[in-house]
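Structure data (mmCIF, C-alpha atoms) from input-v5.cif:
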data_query
loop_
_atom_site.group_PDB
_atom_site.id
_atom_site.type_symbol
_atom_site.label_atom_id
_atom_site.label_comp_id
_atom_site.auth_asym_id
_atom_site.auth_seq_id
_atom_site.Cartn_x
_atom_site.Cartn_y
_atom_site.Cartn_z
ATOM 1 C CA MET A 18 -0.088 25.805 16.501
ATOM 2 C CA SER A 19 2.664 28.334 15.800
ATOM 3 C CA HIS A 20 4.532 28.261 12.535
ATOM 4 C CA ALA A 21 7.769 27.331 14.314
ATOM 5 C CA ALA A 22 6.123 24.381 16.017
ATOM 6 C CA VAL A 23 4.734 23.160 12.720
ATOM 7 C CA MET A 24 8.192 23.362 11.145
ATOM 8 C CA ASN A 25 9.735 21.385 14.012
ATOM 9 C CA HIS A 26 7.121 18.692 13.682
ATOM 10 C CA ALA A 27 7.243 18.537 9.923
ATOM 11 C CA ASP A 28 10.483 16.606 9.828
ATOM 12 C CA ARG A 29 8.989 13.630 11.598
ATOM 13 C CA TYR A 30 5.233 13.845 11.951
ATOM 14 C CA GLU A 31 2.471 14.275 9.534
ATOM 15 C CA THR A 32 0.979 17.727 9.231
ATOM 16 C CA GLY A 33 -1.647 19.115 6.929
ATOM 17 C CA LEU A 34 1.045 19.570 4.311
ATOM 18 C CA THR A 35 3.399 16.590 4.395
ATOM 19 C CA PRO A 36 3.282 12.909 5.358
ATOM 20 C CA GLY A 37 6.463 13.412 7.400
ATOM 21 C CA TRP A 38 9.877 13.627 5.761
ATOM 22 C CA GLY A 39 11.047 10.180 6.820
ATOM 23 C CA LYS A 40 8.043 8.481 5.320
ATOM 24 C CA LEU A 41 8.141 10.577 2.151
ATOM 25 C CA MET A 42 11.838 9.931 1.600
ATOM 26 C CA MET A 43 11.425 6.208 2.139
ATOM 27 C CA TRP A 44 8.604 6.182 -0.424
ATOM 28 C CA LEU A 45 10.819 8.046 -2.910
ATOM 29 C CA PHE A 46 13.630 5.546 -2.332
ATOM 30 C CA LEU A 47 11.176 2.671 -2.827
ATOM 31 C CA CYS A 48 9.982 4.217 -6.095
ATOM 32 C CA SER A 49 13.561 4.355 -7.402
ATOM 33 C CA ASP A 50 14.203 0.799 -6.187
ATOM 34 C CA ALA A 51 11.027 -0.282 -7.932
ATOM 35 C CA MET A 52 12.454 1.125 -11.147
ATOM 36 C CA SER A 53 15.625 -0.933 -10.631
ATOM 37 C CA PHE A 54 13.535 -4.073 -10.358
ATOM 38 C CA ALA A 55 11.400 -2.896 -13.275
ATOM 39 C CA GLY A 56 14.541 -2.681 -15.404
ATOM 40 C CA LEU A 57 15.558 -6.214 -14.484
ATOM 41 C CA LEU A 58 12.049 -7.576 -14.991
ATOM 42 C CA ALA A 59 11.667 -5.780 -18.332
ATOM 43 C CA ALA A 60 14.999 -7.212 -19.510
ATOM 44 C CA TYR A 61 13.883 -10.667 -18.363
ATOM 45 C CA GLY A 62 10.592 -10.299 -20.228
ATOM 46 C CA ALA A 63 12.268 -9.021 -23.388
ATOM 47 C CA VAL A 64 14.862 -11.801 -23.405
ATOM 48 C CA ARG A 65 12.280 -14.478 -22.683
ATOM 49 C CA ILE A 66 9.896 -13.385 -25.424
ATOM 50 C CA PHE A 67 12.827 -13.193 -27.830
ATOM 51 C CA GLY A 68 14.343 -16.535 -26.809
ATOM 52 C CA THR A 69 13.164 -19.576 -28.672
ATOM 53 C CA GLU A 70 14.349 -22.160 -26.158
ATOM 54 C CA TRP A 71 13.069 -21.236 -22.744
ATOM 55 C CA PRO A 72 12.529 -24.059 -20.227
ATOM 56 C CA VAL A 73 9.181 -24.383 -18.492
ATOM 57 C CA PRO A 74 9.977 -22.913 -15.073
ATOM 58 C CA ALA A 75 7.905 -25.542 -13.262
ATOM 59 C CA HIS A 76 10.130 -28.259 -14.723
ATOM 60 C CA VAL A 77 13.361 -26.703 -13.462
ATOM 61 C CA LEU A 78 12.346 -24.820 -10.317
ATOM 62 C CA ASP A 79 10.619 -26.075 -7.202
ATOM 63 C CA VAL A 80 7.391 -24.096 -7.450
ATOM 64 C CA PRO A 81 5.590 -25.563 -4.375
ATOM 65 C CA LEU A 82 8.591 -24.856 -2.126
ATOM 66 C CA THR A 83 8.819 -21.304 -3.433
ATOM 67 C CA ALA A 84 5.068 -20.862 -2.973
ATOM 68 C CA LEU A 85 5.618 -21.796 0.668
ATOM 69 C CA ASN A 86 8.477 -19.278 0.737
ATOM 70 C CA THR A 87 6.131 -16.626 -0.668
ATOM 71 C CA PHE A 88 3.618 -17.427 2.054
ATOM 72 C CA ILE A 89 6.357 -17.127 4.716
ATOM 73 C CA LEU A 90 7.294 -13.678 3.420
ATOM 74 C CA ILE A 91 3.635 -12.618 3.436
ATOM 75 C CA CYS A 92 3.384 -13.837 7.051
ATOM 76 C CA SER A 93 6.438 -11.769 7.938
ATOM 77 C CA SER A 94 4.707 -8.729 6.425
ATOM 78 C CA VAL A 95 1.707 -9.415 8.650
ATOM 79 C CA SER A 96 3.910 -9.703 11.734
ATOM 80 C CA MET A 97 5.530 -6.388 10.773
ATOM 81 C CA VAL A 98 2.175 -4.657 10.571
ATOM 82 C CA TRP A 99 1.089 -6.189 13.881
ATOM 83 C CA GLY A 100 4.305 -4.878 15.436
ATOM 84 C CA LEU A 101 3.494 -1.365 14.261
ATOM 85 C CA SER A 102 -0.050 -1.789 15.537
ATOM 86 C CA ALA A 103 1.333 -2.871 18.920
ATOM 87 C CA ILE A 104 3.535 0.196 19.378
ATOM 88 C CA LYS A 105 0.706 2.472 18.279
ATOM 89 C CA ARG A 106 -1.206 1.045 21.244
ATOM 90 C CA GLY A 107 1.842 1.659 23.424
ATOM 91 C CA SER A 108 3.018 -1.961 23.725
ATOM 92 C CA GLN A 109 6.825 -1.928 23.503
ATOM 93 C CA ARG A 110 7.006 -5.641 24.308
ATOM 94 C CA GLY A 111 4.560 -6.436 21.506
ATOM 95 C CA LEU A 112 6.649 -4.409 19.081
ATOM 96 C CA VAL A 113 9.864 -6.275 19.947
ATOM 97 C CA ILE A 114 8.185 -9.678 19.684
ATOM 98 C CA TRP A 115 6.611 -8.959 16.304
ATOM 99 C CA LEU A 116 9.839 -7.406 14.974
ATOM 100 C CA LEU A 117 11.734 -10.568 15.956
ATOM 101 C CA MET A 118 9.050 -12.684 14.289
ATOM 102 C CA THR A 119 9.439 -10.593 11.133
ATOM 103 C CA MET A 120 13.202 -11.101 11.192
ATOM 104 C CA LEU A 121 12.635 -14.825 11.673
ATOM 105 C CA GLY A 122 10.349 -14.918 8.634
ATOM 106 C CA GLY A 123 12.920 -13.085 6.556
ATOM 107 C CA SER A 124 15.700 -15.403 7.706
ATOM 108 C CA ILE A 125 13.652 -18.515 6.897
ATOM 109 C CA PHE A 126 12.967 -17.050 3.452
ATOM 110 C CA LEU A 127 16.704 -16.564 2.909
ATOM 111 C CA GLY A 128 17.432 -20.070 4.150
ATOM 112 C CA ILE A 129 14.967 -21.668 1.751
ATOM 113 C CA GLN A 130 16.299 -19.500 -1.070
ATOM 114 C CA ALA A 131 19.865 -20.611 -0.257
ATOM 115 C CA TYR A 132 18.739 -24.243 -0.258
ATOM 116 C CA GLU A 133 17.073 -23.808 -3.636
ATOM 117 C CA TRP A 134 20.114 -22.063 -5.112
ATOM 118 C CA THR A 135 22.452 -24.788 -3.849
ATOM 119 C CA HIS A 136 20.202 -27.469 -5.288
ATOM 120 C CA LEU A 137 20.144 -25.739 -8.694
ATOM 121 C CA LEU A 138 23.876 -24.956 -8.807
ATOM 122 C CA THR A 139 24.956 -28.464 -7.816
ATOM 123 C CA HIS A 140 22.397 -30.472 -9.757
ATOM 124 C CA GLU A 141 23.971 -33.714 -10.962
ATOM 125 C CA THR A 142 22.818 -33.695 -14.571
ATOM 126 C CA HIS A 143 21.561 -30.184 -15.320
ATOM 127 C CA PRO A 144 23.239 -27.610 -13.088
ATOM 128 C CA LEU A 145 21.836 -24.120 -13.471
ATOM 129 C CA SER A 146 24.052 -21.073 -13.091
ATOM 130 C CA ILE A 147 24.465 -17.546 -14.369
ATOM 131 C CA GLN A 148 26.711 -18.849 -17.155
ATOM 132 C CA SER A 149 24.743 -21.950 -18.083
ATOM 133 C CA SER A 150 21.871 -20.251 -19.866
ATOM 134 C CA LEU A 151 19.891 -17.018 -20.152
ATOM 135 C CA PHE A 152 17.255 -18.659 -17.995
ATOM 136 C CA GLY A 153 19.900 -19.222 -15.326
ATOM 137 C CA ALA A 154 21.280 -15.706 -15.654
ATOM 138 C CA THR A 155 17.892 -13.997 -15.346
ATOM 139 C CA PHE A 156 16.804 -16.325 -12.538
ATOM 140 C CA PHE A 157 19.879 -15.851 -10.357
ATOM 141 C CA ILE A 158 20.155 -12.108 -10.947
ATOM 142 C CA LEU A 159 16.491 -11.434 -10.215
ATOM 143 C CA THR A 160 16.288 -13.642 -7.134
ATOM 144 C CA GLY A 161 19.771 -12.605 -6.009
ATOM 145 C CA PHE A 162 19.023 -8.877 -6.240
ATOM 146 C CA HIS A 163 15.826 -9.482 -4.298
ATOM 147 C CA GLY A 164 17.651 -11.688 -1.786
ATOM 148 C CA CYS A 165 20.106 -8.862 -1.109
ATOM 149 C CA HIS A 166 17.132 -6.662 -0.312
ATOM 150 C CA VAL A 167 15.746 -9.261 2.094
ATOM 151 C CA PHE A 168 19.118 -9.638 3.806
ATOM 152 C CA SER A 169 19.601 -5.905 4.267
ATOM 153 C CA GLY A 170 15.983 -5.711 5.429
ATOM 154 C CA VAL A 171 16.672 -8.267 8.147
ATOM 155 C CA VAL A 172 19.711 -6.244 9.270
ATOM 156 C CA TYR A 173 17.663 -3.014 9.198
ATOM 157 C CA LEU A 174 14.896 -4.710 11.225
ATOM 158 C CA GLY A 175 17.555 -5.862 13.691
ATOM 159 C CA CYS A 176 18.681 -2.295 14.257
ATOM 160 C CA ILE A 177 15.100 -1.158 14.883
ATOM 161 C CA ALA A 178 14.417 -4.159 17.135
ATOM 162 C CA PHE A 179 17.557 -3.386 19.141
ATOM 163 C CA ARG A 180 16.397 0.187 19.694
ATOM 164 C CA ALA A 181 12.876 -0.995 20.466
ATOM 165 C CA ALA A 182 14.185 -3.421 23.094
ATOM 166 C CA ARG A 183 15.854 -0.473 24.797
ATOM 167 C CA GLY A 184 12.546 1.362 24.931
ATOM 168 C CA GLY A 185 13.293 3.716 22.052
ATOM 169 C CA TYR A 186 9.752 3.763 20.641
ATOM 170 C CA THR A 187 6.489 4.863 22.170
ATOM 171 C CA ARG A 188 2.877 5.453 21.254
ATOM 172 C CA GLU A 189 3.804 8.970 20.092
ATOM 173 C CA ASN A 190 7.255 8.265 18.649
ATOM 174 C CA ASN A 191 7.139 5.353 16.223
ATOM 175 C CA SER A 192 7.627 6.788 12.749
ATOM 176 C CA SER A 193 10.892 4.835 12.383
ATOM 177 C CA VAL A 194 8.952 1.617 12.886
ATOM 178 C CA GLU A 195 6.473 2.635 10.221
ATOM 179 C CA ILE A 196 9.349 3.442 7.888
ATOM 180 C CA VAL A 197 11.082 0.071 8.297
ATOM 181 C CA GLY A 198 7.668 -1.470 7.734
ATOM 182 C CA LEU A 199 7.394 0.327 4.400
ATOM 183 C CA TYR A 200 10.744 -1.146 3.291
ATOM 184 C CA TRP A 201 9.776 -4.651 4.408
ATOM 185 C CA HIS A 202 6.387 -4.574 2.689
ATOM 186 C CA PHE A 203 8.101 -3.325 -0.464
ATOM 187 C CA VAL A 204 10.433 -6.355 -0.358
ATOM 188 C CA ASP A 205 7.351 -8.581 -0.048
ATOM 189 C CA LEU A 206 5.566 -6.767 -2.869
ATOM 190 C CA ILE A 207 8.529 -7.183 -5.222
ATOM 191 C CA TRP A 208 8.738 -10.880 -4.376
ATOM 192 C CA ILE A 209 5.048 -11.283 -5.246
ATOM 193 C CA LEU A 210 5.867 -9.918 -8.716
ATOM 194 C CA VAL A 211 9.144 -11.865 -9.134
ATOM 195 C CA PHE A 212 7.482 -15.130 -8.046
ATOM 196 C CA THR A 213 4.680 -14.643 -10.554
ATOM 197 C CA PHE A 214 6.872 -13.689 -13.512
ATOM 198 C CA VAL A 215 9.780 -16.071 -12.938
ATOM 199 C CA TYR A 216 8.191 -19.156 -11.393
ATOM 200 C CA LEU A 217 4.599 -19.212 -12.608
ATOM 201 C CA ILE A 218 4.402 -17.646 -16.069
ATOM 202 C CA MET B 23 0.933 14.131 16.149
ATOM 203 C CA THR B 24 -0.209 11.367 13.863
ATOM 204 C CA HIS B 25 -3.602 12.955 13.355
ATOM 205 C CA HIS B 26 -4.196 11.172 10.097
ATOM 206 C CA GLU B 27 -4.034 7.658 11.520
ATOM 207 C CA ALA B 28 -6.452 8.561 14.286
ATOM 208 C CA GLU B 29 -9.125 9.470 11.781
ATOM 209 C CA HIS B 30 -9.779 5.995 10.403
ATOM 210 C CA LYS B 31 -10.121 2.528 11.810
ATOM 211 C CA GLU B 32 -7.142 0.239 11.467
ATOM 212 C CA PRO B 33 -7.631 -2.149 8.538
ATOM 213 C CA ARG B 34 -8.382 -5.792 9.324
ATOM 214 C CA TYR B 35 -4.899 -7.124 8.683
ATOM 215 C CA GLY B 36 -5.985 -10.705 9.277
ATOM 216 C CA MET B 37 -8.522 -10.466 6.457
ATOM 217 C CA VAL B 38 -5.877 -9.041 4.110
ATOM 218 C CA TRP B 39 -3.595 -11.935 5.074
ATOM 219 C CA VAL B 40 -6.285 -14.486 4.259
ATOM 220 C CA GLY B 41 -6.977 -12.683 0.988
ATOM 221 C CA LEU B 42 -3.310 -12.831 0.021
ATOM 222 C CA LEU B 43 -3.137 -16.535 0.877
ATOM 223 C CA VAL B 44 -6.224 -17.302 -1.195
ATOM 224 C CA LEU B 45 -4.894 -15.314 -4.156
ATOM 225 C CA THR B 46 -1.548 -17.153 -3.936
ATOM 226 C CA LEU B 47 -3.372 -20.489 -4.087
ATOM 227 C CA VAL B 48 -5.450 -19.252 -7.033
ATOM 228 C CA GLU B 49 -2.226 -18.234 -8.800
ATOM 229 C CA LEU B 50 -0.781 -21.726 -8.280
ATOM 230 C CA TRP B 51 -3.924 -23.276 -9.727
ATOM 231 C CA VAL B 52 -4.019 -20.907 -12.722
ATOM 232 C CA ALA B 53 -0.361 -21.650 -13.523
ATOM 233 C CA GLN B 54 -1.114 -25.306 -14.160
ATOM 234 C CA CYS B 55 -4.788 -25.322 -15.142
ATOM 235 C CA GLY B 56 -4.157 -25.881 -18.828
ATOM 236 C CA MET B 57 -5.930 -22.901 -20.340
ATOM 237 C CA PRO B 58 -4.336 -21.146 -23.352
ATOM 238 C CA LYS B 59 -1.000 -19.513 -22.494
ATOM 239 C CA ILE B 60 -2.237 -15.983 -23.170
ATOM 240 C CA GLY B 61 -5.078 -16.507 -20.691
ATOM 241 C CA ILE B 62 -2.656 -17.809 -18.073
ATOM 242 C CA VAL B 63 -0.305 -14.845 -18.554
ATOM 243 C CA ILE B 64 -3.077 -12.234 -18.329
ATOM 244 C CA SER B 65 -4.672 -13.916 -15.291
ATOM 245 C CA LEU B 66 -1.373 -14.231 -13.443
ATOM 246 C CA CYS B 67 -0.414 -10.612 -14.195
ATOM 247 C CA ALA B 68 -3.801 -9.441 -12.941
ATOM 248 C CA LEU B 69 -3.581 -11.595 -9.796
ATOM 249 C CA ALA B 70 -0.042 -10.369 -9.065
ATOM 250 C CA LEU B 71 -1.129 -6.740 -9.459
ATOM 251 C CA VAL B 72 -4.110 -7.269 -7.144
ATOM 252 C CA LYS B 73 -1.867 -8.876 -4.503
ATOM 253 C CA ALA B 74 0.715 -6.102 -4.846
ATOM 254 C CA GLY B 75 -2.084 -3.541 -4.615
ATOM 255 C CA MET B 76 -3.388 -5.116 -1.419
ATOM 256 C CA VAL B 77 0.061 -5.042 0.182
ATOM 257 C CA ALA B 78 0.544 -1.424 -0.856
ATOM 258 C CA ALA B 79 -2.946 -0.253 0.126
ATOM 259 C CA TYR B 80 -3.308 -1.987 3.499
ATOM 260 C CA PHE B 81 0.096 -3.015 4.819
ATOM 261 C CA MET B 82 1.869 0.064 3.499
ATOM 262 C CA HIS B 83 -1.155 2.147 4.483
ATOM 263 C CA LEU B 84 -1.280 3.829 1.088
ATOM 264 C CA LYS B 85 -5.076 3.725 0.926
ATOM 265 C CA PHE B 86 -5.195 6.141 3.841
ATOM 266 C CA GLU B 87 -2.471 8.486 2.681
ATOM 267 C CA LYS B 88 -2.748 11.735 0.795
ATOM 268 C CA TYR B 89 -3.686 11.463 -2.870
ATOM 269 C CA ALA B 90 -0.431 13.151 -3.937
ATOM 270 C CA LEU B 91 1.594 10.354 -2.349
ATOM 271 C CA ILE B 92 -0.508 7.739 -4.139
ATOM 272 C CA LEU B 93 0.268 9.472 -7.446
ATOM 273 C CA ILE B 94 3.994 9.534 -6.640
ATOM 274 C CA VAL B 95 3.930 5.813 -5.852
ATOM 275 C CA LEU B 96 1.987 4.927 -9.005
ATOM 276 C CA SER B 97 4.494 6.700 -11.247
ATOM 277 C CA PRO B 98 6.907 3.707 -11.370
ATOM 278 C CA LEU B 99 4.021 1.597 -12.662
ATOM 279 C CA LEU B 100 3.514 3.985 -15.566
ATOM 280 C CA LEU B 101 7.261 4.309 -16.172
ATOM 281 C CA SER B 102 7.697 0.509 -16.114
ATOM 282 C CA ALA B 103 4.937 0.151 -18.692
ATOM 283 C CA ILE B 104 6.737 2.665 -20.919
ATOM 284 C CA LEU B 105 10.009 0.797 -20.359
ATOM 285 C CA TYR B 106 8.476 -2.488 -21.390
ATOM 286 C CA VAL B 107 6.680 -1.050 -24.404
ATOM 287 C CA GLY B 108 10.005 0.460 -25.441
ATOM 288 C CA LEU B 109 11.625 -2.967 -25.337
ATOM 289 C CA MET B 110 8.852 -4.788 -27.189
ATOM 290 C CA PRO B 111 10.138 -4.099 -30.734
ATOM 291 C CA ASP B 112 13.521 -5.532 -29.722
ATOM 292 C CA SER B 113 12.085 -8.673 -28.197
ATOM 293 C CA THR B 114 9.660 -9.458 -30.980
ATOM 294 C CA THR B 115 11.978 -8.867 -33.919
ATOM 295 C CA HIS B 116 13.494 -12.171 -34.873
ATOM 296 C CA THR B 117 16.906 -10.990 -35.947
ATOM 297 C CA HIS B 118 19.460 -13.717 -36.388
ATOM 298 C CA TRP B 119 22.484 -12.976 -34.268
ATOM 299 C CA LEU B 120 24.789 -15.408 -36.023
ATOM 300 C CA PRO B 121 26.667 -14.046 -39.030
ATOM 301 C CA PRO B 122 25.374 -15.362 -42.333
ATOM 302 C CA GLN B 123 26.996 -18.641 -43.293
ATOM 303 C CA PRO B 124 29.238 -18.539 -46.404
#
Can the structure in the file be given as structure tokens, please?
Amino acid sequence: MSHAAVMNHADRYETGLTPGWGKLMMWLFLCSDAMSFAGLLAAYGAVRIFGTEWPVPAHVLDVPLTALNTFILICSSVSMVWGLSAIKRGSQRGLVIWLLMTMLGGSIFLGIQAYEWTHLLTHETHPLSIQSSLFGATFFILTGFHGCHVFSGVVYLGCIAFRAARGGYTRENNSSVEIVGLYWHFVDLIWILVFTFVYLI
Amino acid sequence: MTHHEAEHKEPRYGMVWVGLLVLTLVELWVAQCGMPKIGIVISLCALALVKAGMVAAYFMHLKFEKYALILIVLSPLLLSAILYVGLMPDSTTHTHWLPPQP
């Protein structure tokens, strides 16, 4: 392949030298986003170890419901990866269906999160809020920051699904689908960590 | 085009899914099994890292990417560890925040 052809391909497709710019840049963004979450989680850990009165999370939060929510997000990650697999085999219809399923999973996650937040904020005897306690502050900020990521992920998936429905992706041209998949799996990965540290430990 | 992906078989996503489900259930059991707190914390951290690793390796395809990219992606893990170690003295020093009473 000529040097010029390699340079033209390098911005989208993998070559011997790069994984493709789009993919690389998304990974770099995810690394910086991971550090944002790391900062929040480190602050949560530091404050919790320091604090003498920290409620048992299982007594305040609905752990089984959130475990179900975690499972739903994992399922949406699976549907995302099946969507990518479908377009790699050339199935545009499969891609659109699995992208919509992924968006559905993300939306259900947000719905359950909203239900849980409402229940905690409007509790009759012990309402929990950002101002009520450090536990409340760390809980709402961590889950809220993550929830913003899920919401923007659903919007991002919608844009890709819209383009996919118009036939924008093919067996050869699907790096954008892989890239949105990276973002969505990252959101799932962060939730796995947040669920463990906030709800279980 | 995507030469790299053509060189290996697609991972069995269904198996990874089942693995993640099983690990989630194990986490739920560990959280309330009654062993000493330090054991629970270490087990849950390990389980969470394994689950996160599975998502990164198989769903995000990292296992089949170039080694340099894997190193880039692992750097936040190292940096987060440094961040937390840096905060440890603050969180374990029991300094009273209230002014001394007269």
Distance-based interface of chain A with chain B, 7 Å, counting only C-alpha atoms, as a VMD selection string: chain A and resid 30 to 31 48 51 to 52 55 59 63 to 64 66 to 67 88 95 98 199 202 206 209 to 210 213 217 to 218
Exercise: Leu90 (chain A) partners within 8 Å, all atoms listed in the file, chain neighbours under 3 positions left out, as a list of chain:residue names: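 Answer for this query is A:Asn86, A:Thr87, A:Ser93, A:Ser94, A:Gly122, A:Gly123, A:Phe126, A:Asp205.
The residue that comes closest to Leu159 (chain A), out of A:Leu57, A:Val194, A:Leu138, A:Ala178 and on the basis of only C-alpha atoms, is A:Leu57.
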Near-Ser146 (chain A) list (12 Å; all atoms listed in the file; drop same-chain fewer than 5 positions) as a PDB file with C-alpha atoms, in the coordinates of the input:
ATOM      1  CA  TRP A 134      20.114 -22.063  -5.112  1.00  0.00           C
ATOM      2  CA  THR A 135      22.452 -24.788  -3.849  1.00  0.00           C
ATOM      3  CA  HIS A 136      20.202 -27.469  -5.288  1.00  0.00           C
ATOM      4  CA  LEU A 137      20.144 -25.739  -8.694  1.00  0.00           C
ATOM      5  CA  LEU A 138      23.876 -24.956  -8.807  1.00  0.00           C
ATOM      6  CA  THR A 139      24.956 -28.464  -7.816  1.00  0.00           C
ATOM      7  CA  HIS A 140      22.397 -30.472  -9.757  1.00  0.00           C
ATOM      8  CA  LEU A 151      19.891 -17.018 -20.152  1.00  0.00           C
ATOM      9  CA  PHE A 152      17.255 -18.659 -17.995  1.00  0.00           C
ATOM     10  CA  GLY A 153      19.900 -19.222 -15.326  1.00  0.00           C
ATOM     11  CA  ALA A 154      21.280 -15.706 -15.654  1.00  0.00           C
ATOM     12  CA  THR A 155      17.892 -13.997 -15.346  1.00  0.00           C
ATOM     13  CA  PHE A 156      16.804 -16.325 -12.538  1.00  0.00           C
ATOM     14  CA  PHE A 157      19.879 -15.851 -10.357  1.00  0.00           C
ATOM     15  CA  ILE A 158      20.155 -12.108 -10.947  1.00  0.00           C
ATOM     16  CA  GLY A 161      19.771 -12.605  -6.009  1.00  0.00           C
TER      17      GLY A 161
END
For CA of Pro74 (chain A) and CA of Val215 (chain A), the interatomic separation in Å (one decimal):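 For CA of Pro74 (chain A) relative to CA of Val215 (chain A), the distance reads 7.2 Å.
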Picked residues, the PyMOL selection byres ((chain A and resi 200) around 9), as an MDAnalysis selection string: (chainID A and resid 43:44 47 170 195:199 201:205) or (chainID B and resid 82)
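The gap separating CA of Thr83 (chain A) from CA of Tyr132 (chain A) is 10.8 Å, in Å to one decimal.
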One-decimal distance in Å that lies between CA of Arg106 (chain A) and CA of Arg34 (chain B): 15.5 Å
Can you tell me, as JSON, the centre and edge lengths (Å, one decimal) of the axis-aligned box enclosing all of region 43-61 of chain B's listed atoms after padding each side by 8 Å?
{"center_x": -3.3, "center_y": -20.6, "center_z": -11.2, "size_x": 21.9, "size_y": 26.6, "size_z": 40.2}
